[in-house]
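S.K.: After the structure tokens below, expect a handful of questions from me.
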Amino acid sequence: IRGALATTLYGHTAAGLLGLCEDEHRWEDEVERFQALHERWQREGFMGLFRAWLAEEGIRPRLLAYAEGERRLTNLLHLAELLHRRAQEDDLGMEGVLTWLGQRRRAAGRAESDEEQLRLESDGDLVQLVTIHKAKGLEYPVVFCPFLWDLTVRNPTKNQTVDYHDPANDNRLTLDLGSEDRETAKRRHKEEDLAENLRLLYVAVTRASHRLYLFTGAVNELDKSALGYLVHGPAESGDDPDAILKAIPYSNPEALRGHLEAFVQDHPEVFALADAGQIAEAEGPAPRRQGKTVELTARAFPGQIAPDRFVTSFSGLIEGHPKDRPEADRGEGTGPSEPAPEASLEGAARLPRGRAAGTCLHAVLEAIDFTDPADEWDEPVARTLREHGLDPEEWADPVRELIADTVNTPLGGPLGSGRLAEIGRDRRVDELEFYYPLARLTDEALGAVLADHGYRPGAASSEAGPALAFSPQQGYLRGFIDLVFEADGRYYLADYKSNWLGPDPETYTREALAAAVAEHGYTLQYLLYCVALHRHLANALPGYRYKEHFGGAYYLFLRGMEPERGEGAGVHFDRPEPALIETLNALFREGA
């Protein structure tokens with residue numbers, strides 16, 4: 001964070017940065033801001049993070065204030081576009097995007113594709129070539145429309161099918177394959193084709209905010225074009241579009257010029273006429289429109305339009321847990337790591353508390369092979385500690401002790417004396433990320449399903465837990481399961497919890513674990529995870545049946561696991577009934 005704050009993106013002076021680092025409260029606020037941005041990336045993707053960061057930190061005006069500010073800002077926006085595209089095209093998460101960026105930085109100066117070539121910092125002085133379709137909704141100071149006569153009405157040939165909307169049949173889209181009314185169908189088809197070309201013509205000539213140059217003349221197929229119909233079509237031909245087009249004197253330049261002169265005379269405050277070769281020599285601006293200028297103001301919209309599709313997670317469904325909190329629990333507390341207050345503690349009990357320490361322990365468990373001897377963990381433990389800002393000299397021994405207790409404690413439940421130390425890499429998946437579609441979900445509907453099956457949102461049984469109180473959710477549910485593993489033909493999920501319940505493992509009783517599960521709403525969390533794993537196994541495992549293949553959910557309170565205390569020490573287990581999982585699955589899929 002200090003490295004980021006020292007860049008020109010944030011614009012701190014050395015003295016200002018020093019003052020920030022020495023002010024504990026200001027520094028905590030800064031850390032929380034970075035944490036919120038980190039979580040926004042997890043929740044909304046890289047571009048969601050980047051746009052919020054640009055706005056909240058005032059990056060644009062700060063960069064533009066520097067010498068060559070446009071160059072700096074253009075490079076930053078270009079880089080963000082490349083990162084966003086890479087994340088989308090290769091389906092990369094945060095680690096994947098950062099790895100790709102590191103690789104490209106090390107290869108600096110060697111562009112892999114045209115999209116990485118340095119861009120001009122401004123296109124304000126450039127001529128832009130834009131199609132009519134792409135220009136829709138946009139505005140440009142000066143617009144040239146040199147080829148609008150190309151918007152032509154096509155006359156279907158004898159063997160071509162004809163599509164049109166039949167006024168005699170409630171304007172339904174009709175395909176004529178050669179009926180007796182083919183001539184009527186062709187006329188309707190040509191009328192609709194002309195109407196569409198007139199719409200495109202309107203789009204083209206209304207893009208200019210200051211001046212429009214429109215070209216016409218005795219050109220081929222002017223008599224089939226929307227431009228010819230609008231500018232050169234004689235009014236005395238009646239209402240028949242086909243007759244108007246046929247009456248256009250497309251091969252008579254003098255007659256066409258006479259039409260234009262009459263057109264300009266009728267609207268002298270708006271239009272001027274010049275030969276194409278004389279435009280560059282025209283002197284002075286076009287005549288200004290005379291008359292009273294009316295000041296226009298947009299009406300204010302006082303309402304709010306809520307998005308109807310978004311990504312939510314476990315924490316967004318629990319009262320008191322803001323939606324921008326990360327899905328995966330990383331230990332109690334929200335601040336940086338802090339040492340346990342009791343100076344006399346020894347071994348694993350000395351480990352820091354807080355989210356950062358919890359994240360570090362998760363990373364260690366992901367980095368090691370449970371089946372390896374403990375002395376083979378030295379390198380991954382030391383590396384992970386350094387990556388999370390902890391000194392291996394001080395913390396490697398207590399971390400190894402805690403991890404050894406974790407993988408060697410009998411898990412209890414259906415596995416009995418089974419331990420994580422028996423689960424090899426080929427039988428586990430770490431940090432299993434999931435998304436599944438979420439139909440319209442209300443807190444009342446979810447609460448009713450849980451209550452019908454004897455659960456409360458934060459309880460392992462009928463005990464009270466945090467209430468559900470969320471606005472209707474619709475879109476996708478996202479989460480990360482710390483560990484999924486297979487044992488004896490069944491599949492289990494496990495979640496690591498670094499919560500501090502007391503100074504020694506004996507304080508992590510079954511009652512204390514159940515209370516912690518209830519207090520933090522972990523029951524709902526593992527039910528959401530169970531639905532995700534149930535759906536995955538149903539897709540991936542031939543012949544899958546919940547009763548035979550789904551083992552249950554282990555919540556491992558790392559500070560309370562100790563082999564000497566026997567089966568299930570520091571472990572909370574539940575295997576929801578199949579009826580509950582199927583009911584939740586249907587609720588998420590079909591909605592309330």
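Ligands are numbered from 1 in the order shown, residues from 1 within each chain, and chains are lettered A, B, ... in the order they appear in the structure tokens.
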Skip A:Glu261 itself and residues of its chain fewer than 6 positions away, then list as an NGL selection string all residues within 10 Å of it, counting only C-alpha atoms.

M.R.: :A and (255 or 268 or 271-274)

S.K.: Dump C-alpha atoms for the selected residues as a JSON list (two decimals), in the first residue's frame?

M.R.:
```json
[["chain", "number", "residue", "atom", "x", "y", "z"],
["A", 255, "ALA", "CA", -32.96, 19.61, -62.67],
["A", 268, "PRO", "CA", -32.14, 29.85, -45.77],
["A", 271, "PHE", "CA", -29.06, 25.32, -45.37],
["A", 272, "ALA", "CA", -26.51, 26.63, -47.87],
["A", 273, "LEU", "CA", -25.64, 25.26, -51.31],
["A", 274, "ALA", "CA", -22.17, 25.02, -52.90]]
```

S.K.: Which one of A:Glu433, A:Glu422, A:Asp163, A:Asp176 sits closest to A:Ala487 if you count only C-alpha atoms?

M.R.: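 The answer is A:Glu422, which sits nearest to A:Ala487.
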
S.K.: Please provide the set of residues having any atom within 12 Å of A:Leu446, restricted to only C-alpha atoms, with same-chain residues fewer than 2 positions apart removed, written as a JSON list (two decimals) with N, CA, C and O atoms, in the first residue's frame.

M.R.:
```json
[["chain", "number", "residue", "atom", "x", "y", "z"],
["A", 317, "LEU", "N", -26.16, -11.79, 2.38],
["A", 317, "LEU", "CA", -27.46, -12.28, 2.83],
["A", 317, "LEU", "C", -27.62, -12.23, 4.34],
["A", 317, "LEU", "O", -28.69, -12.56, 4.85],
["A", 318, "ILE", "N", -26.56, -11.88, 5.06],
["A", 318, "ILE", "CA", -26.61, -11.89, 6.51],
["A", 318, "ILE", "C", -26.73, -10.46, 7.04],
["A", 318, "ILE", "O", -26.01, -9.57, 6.64],
["A", 440, "ARG", "N", -35.12, -14.87, -8.59],
["A", 440, "ARG", "CA", -35.50, -13.87, -7.59],
["A", 440, "ARG", "C", -35.64, -14.52, -6.21],
["A", 440, "ARG", "O", -36.45, -15.41, -6.00],
["A", 441, "LEU", "N", -34.82, -14.06, -5.27],
["A", 441, "LEU", "CA", -34.75, -14.64, -3.94],
["A", 441, "LEU", "C", -35.08, -13.57, -2.91],
["A", 441, "LEU", "O", -34.51, -12.48, -2.94],
["A", 442, "THR", "N", -35.97, -13.88, -1.98],
["A", 442, "THR", "CA", -36.32, -12.95, -0.90],
["A", 442, "THR", "C", -35.89, -13.53, 0.43],
["A", 442, "THR", "O", -35.75, -14.75, 0.58],
["A", 443, "ASP", "N", -35.69, -12.64, 1.41],
["A", 443, "ASP", "CA", -35.30, -13.12, 2.74],
["A", 443, "ASP", "C", -36.42, -13.95, 3.37],
["A", 443, "ASP", "O", -36.15, -14.94, 4.08],
["A", 444, "GLU", "N", -37.69, -13.59, 3.09],
["A", 444, "GLU", "CA", -38.79, -14.36, 3.67],
["A", 444, "GLU", "C", -38.80, -15.79, 3.14],
["A", 444, "GLU", "O", -38.96, -16.75, 3.91],
["A", 448, "ALA", "N", -38.04, -19.07, 5.39],
["A", 448, "ALA", "CA", -39.09, -20.07, 5.56],
["A", 448, "ALA", "C", -38.58, -21.48, 5.25],
["A", 448, "ALA", "O", -38.90, -22.44, 5.96],
["A", 449, "VAL", "N", -37.76, -21.60, 4.20],
["A", 449, "VAL", "CA", -37.21, -22.92, 3.87],
["A", 449, "VAL", "C", -36.32, -23.42, 5.00],
["A", 449, "VAL", "O", -36.40, -24.59, 5.41],
["A", 450, "LEU", "N", -35.46, -22.55, 5.51],
["A", 450, "LEU", "CA", -34.57, -22.98, 6.60],
["A", 450, "LEU", "C", -35.37, -23.37, 7.84],
["A", 450, "LEU", "O", -35.08, -24.38, 8.49],
["A", 451, "ALA", "N", -36.37, -22.55, 8.18],
["A", 451, "ALA", "CA", -37.17, -22.85, 9.37],
["A", 451, "ALA", "C", -37.93, -24.16, 9.21],
["A", 451, "ALA", "O", -38.05, -24.94, 10.17],
["A", 452, "ASP", "N", -38.43, -24.44, 8.01],
["A", 452, "ASP", "CA", -39.16, -25.69, 7.78],
["A", 452, "ASP", "C", -38.30, -26.92, 8.02],
["A", 452, "ASP", "O", -38.81, -28.00, 8.31],
["A", 453, "HIS", "N", -36.97, -26.75, 7.90],
["A", 453, "HIS", "CA", -36.07, -27.89, 8.09],
["A", 453, "HIS", "C", -35.28, -27.78, 9.38],
["A", 453, "HIS", "O", -34.24, -28.44, 9.56],
["A", 455, "TYR", "N", -33.65, -25.15, 10.81],
["A", 455, "TYR", "CA", -32.46, -24.31, 10.85],
["A", 455, "TYR", "C", -32.85, -22.86, 11.08],
["A", 455, "TYR", "O", -33.95, -22.42, 10.71],
["A", 456, "ARG", "N", -31.93, -22.12, 11.66],
["A", 456, "ARG", "CA", -31.99, -20.67, 11.64],
["A", 456, "ARG", "C", -30.82, -20.19, 10.79],
["A", 456, "ARG", "O", -29.85, -20.92, 10.61],
["A", 457, "PRO", "N", -30.86, -18.99, 10.22],
["A", 457, "PRO", "CA", -29.79, -18.55, 9.31],
["A", 457, "PRO", "C", -28.40, -18.71, 9.88],
["A", 457, "PRO", "O", -27.47, -19.03, 9.17],
["A", 467, "ALA", "N", -30.34, -12.67, 11.93],
["A", 467, "ALA", "CA", -31.55, -12.67, 11.11],
["A", 467, "ALA", "C", -31.21, -12.39, 9.65],
["A", 467, "ALA", "O", -30.23, -11.72, 9.35],
["A", 468, "LEU", "N", -32.04, -12.95, 8.77],
["A", 468, "LEU", "CA", -31.91, -12.63, 7.36],
["A", 468, "LEU", "C", -32.67, -11.35, 7.08],
["A", 468, "LEU", "O", -33.85, -11.24, 7.43],
["A", 469, "ALA", "N", -32.01, -10.39, 6.47],
["A", 469, "ALA", "CA", -32.68, -9.13, 6.12],
["A", 469, "ALA", "C", -31.97, -8.55, 4.91],
["A", 469, "ALA", "O", -30.99, -7.82, 5.05],
["A", 470, "PHE", "N", -32.44, -8.92, 3.71],
["A", 470, "PHE", "CA", -31.81, -8.41, 2.50],
["A", 470, "PHE", "C", -32.90, -8.10, 1.49],
["A", 470, "PHE", "O", -33.99, -8.66, 1.51],
["A", 471, "SER", "N", -32.61, -7.15, 0.62],
["A", 471, "SER", "CA", -33.54, -6.83, -0.46],
["A", 471, "SER", "C", -33.56, -7.99, -1.45],
["A", 471, "SER", "O", -32.62, -8.79, -1.49],
["A", 472, "PRO", "N", -34.62, -8.13, -2.23],
["A", 472, "PRO", "CA", -34.69, -9.26, -3.18],
["A", 472, "PRO", "C", -33.44, -9.32, -4.06],
["A", 472, "PRO", "O", -32.98, -8.32, -4.59],
["A", 473, "GLN", "N", -32.90, -10.51, -4.17],
["A", 473, "GLN", "CA", -31.66, -10.74, -4.91],
["A", 473, "GLN", "C", -31.98, -11.48, -6.21],
["A", 473, "GLN", "O", -32.81, -12.39, -6.23],
["A", 524, "LEU", "N", -25.72, -20.84, 7.23],
["A", 524, "LEU", "CA", -26.16, -20.45, 5.89],
["A", 524, "LEU", "C", -25.00, -20.56, 4.90],
["A", 524, "LEU", "O", -25.19, -20.98, 3.76],
["A", 527, "LEU", "N", -24.53, -24.15, 3.92],
["A", 527, "LEU", "CA", -25.67, -24.62, 3.11],
["A", 527, "LEU", "C", -25.54, -24.14, 1.67],
["A", 527, "LEU", "O", -25.82, -24.88, 0.72],
["A", 528, "LEU", "N", -25.12, -22.89, 1.49],
["A", 528, "LEU", "CA", -24.88, -22.38, 0.13],
["A", 528, "LEU", "C", -23.78, -23.19, -0.55],
["A", 528, "LEU", "O", -23.87, -23.51, -1.74],
["A", 580, "LEU", "N", -33.60, -30.78, 2.27],
["A", 580, "LEU", "CA", -33.27, -29.36, 2.41],
["A", 580, "LEU", "C", -32.43, -28.89, 1.23],
["A", 580, "LEU", "O", -32.68, -27.82, 0.66],
["A", 583, "THR", "N", -34.58, -28.60, -1.82],
["A", 583, "THR", "CA", -35.50, -27.46, -1.72],
["A", 583, "THR", "C", -34.75, -26.16, -1.96],
["A", 583, "THR", "O", -35.24, -25.27, -2.68],
["A", 584, "LEU", "N", -33.55, -26.01, -1.37],
["A", 584, "LEU", "CA", -32.76, -24.81, -1.62],
["A", 584, "LEU", "C", -32.35, -24.72, -3.08],
["A", 584, "LEU", "O", -32.37, -23.64, -3.68],
["A", 585, "ASN", "N", -31.97, -25.86, -3.65],
["A", 585, "ASN", "CA", -31.58, -25.89, -5.06],
["A", 585, "ASN", "C", -32.72, -25.39, -5.95],
["A", 585, "ASN", "O", -32.52, -24.58, -6.86],
["A", 586, "ALA", "N", -33.93, -25.87, -5.66],
["A", 586, "ALA", "CA", -35.10, -25.44, -6.45],
["A", 586, "ALA", "C", -35.41, -23.96, -6.21],
["A", 586, "ALA", "O", -35.77, -23.23, -7.14],
["A", 587, "LEU", "N", -35.27, -23.51, -4.96],
["A", 587, "LEU", "CA", -35.53, -22.10, -4.65],
["A", 587, "LEU", "C", -34.58, -21.18, -5.41],
["A", 587, "LEU", "O", -34.99, -20.17, -5.99],
["A", 588, "PHE", "N", -33.28, -21.52, -5.43],
["A", 588, "PHE", "CA", -32.30, -20.68, -6.12],
["A", 588, "PHE", "C", -32.52, -20.74, -7.64],
["A", 588, "PHE", "O", -32.28, -19.75, -8.33],
["A", 591, "GLY", "N", -36.73, -19.41, -8.00],
["A", 591, "GLY", "CA", -37.13, -18.16, -7.36],
["A", 591, "GLY", "C", -38.26, -18.33, -6.37],
["A", 591, "GLY", "O", -38.89, -19.39, -6.28],
["A", 592, "ALA", "N", -38.48, -17.25, -5.62],
["A", 592, "ALA", "CA", -39.51, -17.28, -4.58],
["A", 592, "ALA", "C", -40.89, -17.27, -5.23],
["A", 592, "ALA", "O", -41.13, -16.52, -6.17]]
```

S.K.: Need to verify the contact set: A:Thr216, 9 Å, only C-alpha atoms, exclusion of same-chain residues closer than 3 positions in sequence. Can you return it as a compact mmCIF listing (two decimals) with all heavy atoms, in the first residue's frame?

M.R.:
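out_35.txt was written with the following content:
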```
# COMPACT_ATOMS: atom_id res chain seq x y z
N PRO A 146 -20.73 11.75 -47.31
CA PRO A 146 -20.49 11.82 -48.76
C PRO A 146 -21.25 10.77 -49.58
O PRO A 146 -21.34 10.91 -50.79
CB PRO A 146 -18.98 11.57 -48.85
CG PRO A 146 -18.67 10.73 -47.66
CD PRO A 146 -19.61 11.14 -46.58
N PHE A 147 -21.79 9.72 -48.94
CA PHE A 147 -22.33 8.61 -49.73
C PHE A 147 -23.74 8.21 -49.31
O PHE A 147 -24.09 7.03 -49.37
CB PHE A 147 -21.41 7.39 -49.63
CG PHE A 147 -19.98 7.67 -50.00
CD1 PHE A 147 -18.97 7.54 -49.07
CD2 PHE A 147 -19.66 8.07 -51.29
CE1 PHE A 147 -17.65 7.80 -49.42
CE2 PHE A 147 -18.35 8.33 -51.65
CZ PHE A 147 -17.33 8.20 -50.72
N LEU A 148 -24.56 9.17 -48.91
CA LEU A 148 -25.89 8.79 -48.45
C LEU A 148 -26.80 8.28 -49.57
O LEU A 148 -27.83 7.66 -49.30
CB LEU A 148 -26.56 9.98 -47.74
CG LEU A 148 -25.98 10.33 -46.37
CD1 LEU A 148 -26.79 11.43 -45.72
CD2 LEU A 148 -25.93 9.12 -45.46
N TRP A 149 -26.45 8.54 -50.83
CA TRP A 149 -27.26 7.99 -51.92
C TRP A 149 -27.13 6.46 -52.00
O TRP A 149 -27.86 5.81 -52.74
CB TRP A 149 -26.87 8.61 -53.27
CG TRP A 149 -25.43 8.38 -53.64
CD1 TRP A 149 -24.87 7.22 -54.08
CD2 TRP A 149 -24.37 9.33 -53.59
NE1 TRP A 149 -23.54 7.38 -54.32
CE2 TRP A 149 -23.18 8.68 -54.03
CE3 TRP A 149 -24.29 10.67 -53.23
CZ2 TRP A 149 -21.96 9.32 -54.11
CZ3 TRP A 149 -23.07 11.31 -53.31
CH2 TRP A 149 -21.90 10.63 -53.74
N VAL A 219 -25.86 10.86 -59.60
CA VAL A 219 -25.09 9.64 -59.35
C VAL A 219 -25.96 8.42 -59.62
O VAL A 219 -27.20 8.49 -59.59
CB VAL A 219 -24.55 9.60 -57.90
CG1 VAL A 219 -23.57 10.71 -57.67
CG2 VAL A 219 -25.70 9.68 -56.91
N LEU A 222 -29.41 7.09 -57.64
CA LEU A 222 -30.03 8.13 -56.83
C LEU A 222 -31.55 7.96 -56.83
O LEU A 222 -32.23 8.27 -55.84
CB LEU A 222 -29.66 9.52 -57.38
CG LEU A 222 -30.23 10.72 -56.62
CD1 LEU A 222 -29.63 10.81 -55.22
CD2 LEU A 222 -29.98 12.02 -57.38
N LEU A 227 -32.20 9.29 -49.98
CA LEU A 227 -31.80 10.69 -50.17
C LEU A 227 -32.53 11.29 -51.37
O LEU A 227 -33.03 12.43 -51.31
CB LEU A 227 -30.29 10.78 -50.36
CG LEU A 227 -29.71 12.17 -50.61
CD1 LEU A 227 -29.94 13.06 -49.40
CD2 LEU A 227 -28.22 12.08 -50.92
N GLY A 228 -32.58 10.56 -52.48
CA GLY A 228 -33.29 11.05 -53.65
C GLY A 228 -34.77 11.25 -53.36
O GLY A 228 -35.37 12.26 -53.75
N LEU A 256 -31.70 18.49 -60.92
CA LEU A 256 -31.36 18.18 -59.53
C LEU A 256 -30.91 19.43 -58.78
O LEU A 256 -31.29 19.66 -57.63
CB LEU A 256 -30.26 17.11 -59.48
CG LEU A 256 -30.64 15.74 -60.06
CD1 LEU A 256 -29.44 14.81 -60.02
CD2 LEU A 256 -31.79 15.11 -59.27
```

S.K.: Kindly indicate which residue among A:Val142, A:Leu230, A:Val531, A:Leu390 lies nearest to A:Ala195, using only C-alpha atoms for the distances.

M.R.: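 Distance minimum relative to A:Ala195 lands on A:Leu230.
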
S.K.: Skip A:Leu18 itself and residues of its chain fewer than 5 positions away, then list as number ranges by chain all residues within 12 Å of it, counting only C-alpha atoms.

M.R.: A: 2, 5-6, 12-13, 23-24, 26-27

S.K.: Where does DSSP see helix (DSSP H, G or I) in stretch 136-267 of chain A, if you list the residues as a ChimeraX atom specification?

M.R.: /A:148-150,167-169,182-205,222-224,226-232,235-237,241-246,253-266

S.K.: Which of these, A:Val571, A:Val153, A:Leu76, A:Ala107, has the shortest distance to A:Lys186 once you count only C-alpha atoms?

M.R.: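 Between A:Val571, A:Val153, A:Leu76, A:Ala107, the residue approaching A:Lys186 most closely is A:Val153.
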
S.K.: Show me, as a PyMOL selection string, the residues that have an atom within 8 Å of A:Leu411 when counting only C-alpha atoms, minus same-chain residues fewer than 4 positions from it.

M.R.: chain A and resi 415-420+567-569+571

S.K.: If you keep N, CA, C and O atoms, can you produce a file of those selected residues as a compact mmCIF listing (two decimals), in the first residue's frame?

M.R.:
```
# COMPACT_ATOMS: atom_id res chain seq x y z
N LEU A 415 -16.30 -39.65 9.07
CA LEU A 415 -14.93 -40.09 8.82
C LEU A 415 -14.26 -40.64 10.07
O LEU A 415 -13.18 -41.23 9.97
N GLY A 416 -14.86 -40.44 11.24
CA GLY A 416 -14.32 -41.00 12.47
C GLY A 416 -12.88 -40.60 12.71
O GLY A 416 -12.56 -39.42 12.91
N SER A 417 -11.97 -41.56 12.66
CA SER A 417 -10.55 -41.28 12.92
C SER A 417 -9.82 -40.80 11.68
O SER A 417 -8.60 -40.61 11.72
N GLY A 418 -10.52 -40.61 10.59
CA GLY A 418 -9.88 -40.13 9.37
C GLY A 418 -9.32 -38.72 9.54
O GLY A 418 -9.90 -37.88 10.25
N ARG A 419 -8.18 -38.46 8.90
CA ARG A 419 -7.49 -37.18 9.07
C ARG A 419 -7.19 -36.58 7.70
O ARG A 419 -7.09 -37.29 6.69
N LEU A 420 -6.99 -35.25 7.67
CA LEU A 420 -6.58 -34.60 6.43
C LEU A 420 -5.23 -35.11 5.96
O LEU A 420 -4.93 -35.10 4.76
N GLU A 567 -11.30 -37.45 18.51
CA GLU A 567 -12.06 -37.17 17.30
C GLU A 567 -12.87 -35.89 17.41
O GLU A 567 -13.51 -35.64 18.43
N GLY A 568 -12.82 -35.09 16.34
CA GLY A 568 -13.67 -33.91 16.24
C GLY A 568 -13.24 -32.74 17.09
O GLY A 568 -14.01 -31.79 17.26
N ALA A 569 -12.00 -32.75 17.62
CA ALA A 569 -11.54 -31.62 18.42
C ALA A 569 -11.41 -30.39 17.53
O ALA A 569 -10.69 -30.41 16.54
N VAL A 571 -13.66 -29.22 15.61
CA VAL A 571 -14.34 -29.47 14.33
C VAL A 571 -15.85 -29.37 14.53
O VAL A 571 -16.40 -29.96 15.47
```

S.K.: Pick the closest to A:His362 from A:Lys134, A:His84, A:Ser498, A:Phe314: which is it, counting only C-alpha atoms?

M.R.: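 Looking only at the distances to A:His362, the closest residue turns out to be A:Ser498.
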
S.K.: Give me the residues near A:Pro61 as JSON, numbers by chain, where near means some atom within 12 Å (using only C-alpha atoms) and where sequence neighbours in that chain fewer than 5 positions away do not count.

M.R.: {"A": [8, 9, 10, 11, 54, 55, 56, 66, 69, 70, 72, 73]}

S.K.: Would you list, as a count of residues only, the residues of stretch 126-191 of chain A that end up in strand (DSSP E) under DSSP run on this structure's backbone?

M.R.: 16

S.K.: Between A:Arg299, A:Ala518, A:Thr523, A:Cys145, single out the one closest to A:Val130, counting only C-alpha atoms.

M.R.: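 Nearest to A:Val130: A:Cys145.
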
S.K.: Quick check, in Å to one decimal: how far apart do atom CA of A:Asn252 and atom CA of A:Phe215 lie?

M.R.: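 Spanning atom CA of A:Asn252 to atom CA of A:Phe215 is a straight-line distance of 16.0 Å.
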
S.K.: Could you produce a table of the residues of stretch 400-453 of chain A lying within 12 Å of stretch 534-547 of chain A, with the nearest pair of atoms per residue and their separation in Å rounded to one decimal, using only C-alpha atoms, ordered by chain and increasing residue number, as JSON lines?

M.R.:
```
{"residue": "A:Leu432", "atom": "CA", "partner": "A:His536", "partner_atom": "CA", "distance": 10.6}
{"residue": "A:Glu433", "atom": "CA", "partner": "A:His536", "partner_atom": "CA", "distance": 11.0}
{"residue": "A:Phe434", "atom": "CA", "partner": "A:His536", "partner_atom": "CA", "distance": 9.0}
{"residue": "A:Tyr435", "atom": "CA", "partner": "A:His536", "partner_atom": "CA", "distance": 10.5}
{"residue": "A:Tyr436", "atom": "CA", "partner": "A:Arg535", "partner_atom": "CA", "distance": 8.9}
{"residue": "A:Pro437", "atom": "CA", "partner": "A:Arg535", "partner_atom": "CA", "distance": 11.4}
```

S.K.: Could you check the closest approach to A:Gly479 for each of A:Tyr526, A:Phe46, A:Tyr508, A:Tyr491 and tell me which residue wins, using only C-alpha atoms?

M.R.: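 Selected residue with least distance to A:Gly479: A:Tyr526.
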
S.K.: Please measure the separation of atom CA of A:Arg154 and atom CA of A:Asn169, giving the value in Å to one decimal.

M.R.: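 Computing it gives 24.1 Å between the two atoms.
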
S.K.: Could you tell me how far atom CA of A:Glu562 lies from atom CA of A:Leu402, in Å and to one decimal?

M.R.: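 Computing the Euclidean distance for atom CA of A:Glu562 and atom CA of A:Leu402 yields 8.6 Å.
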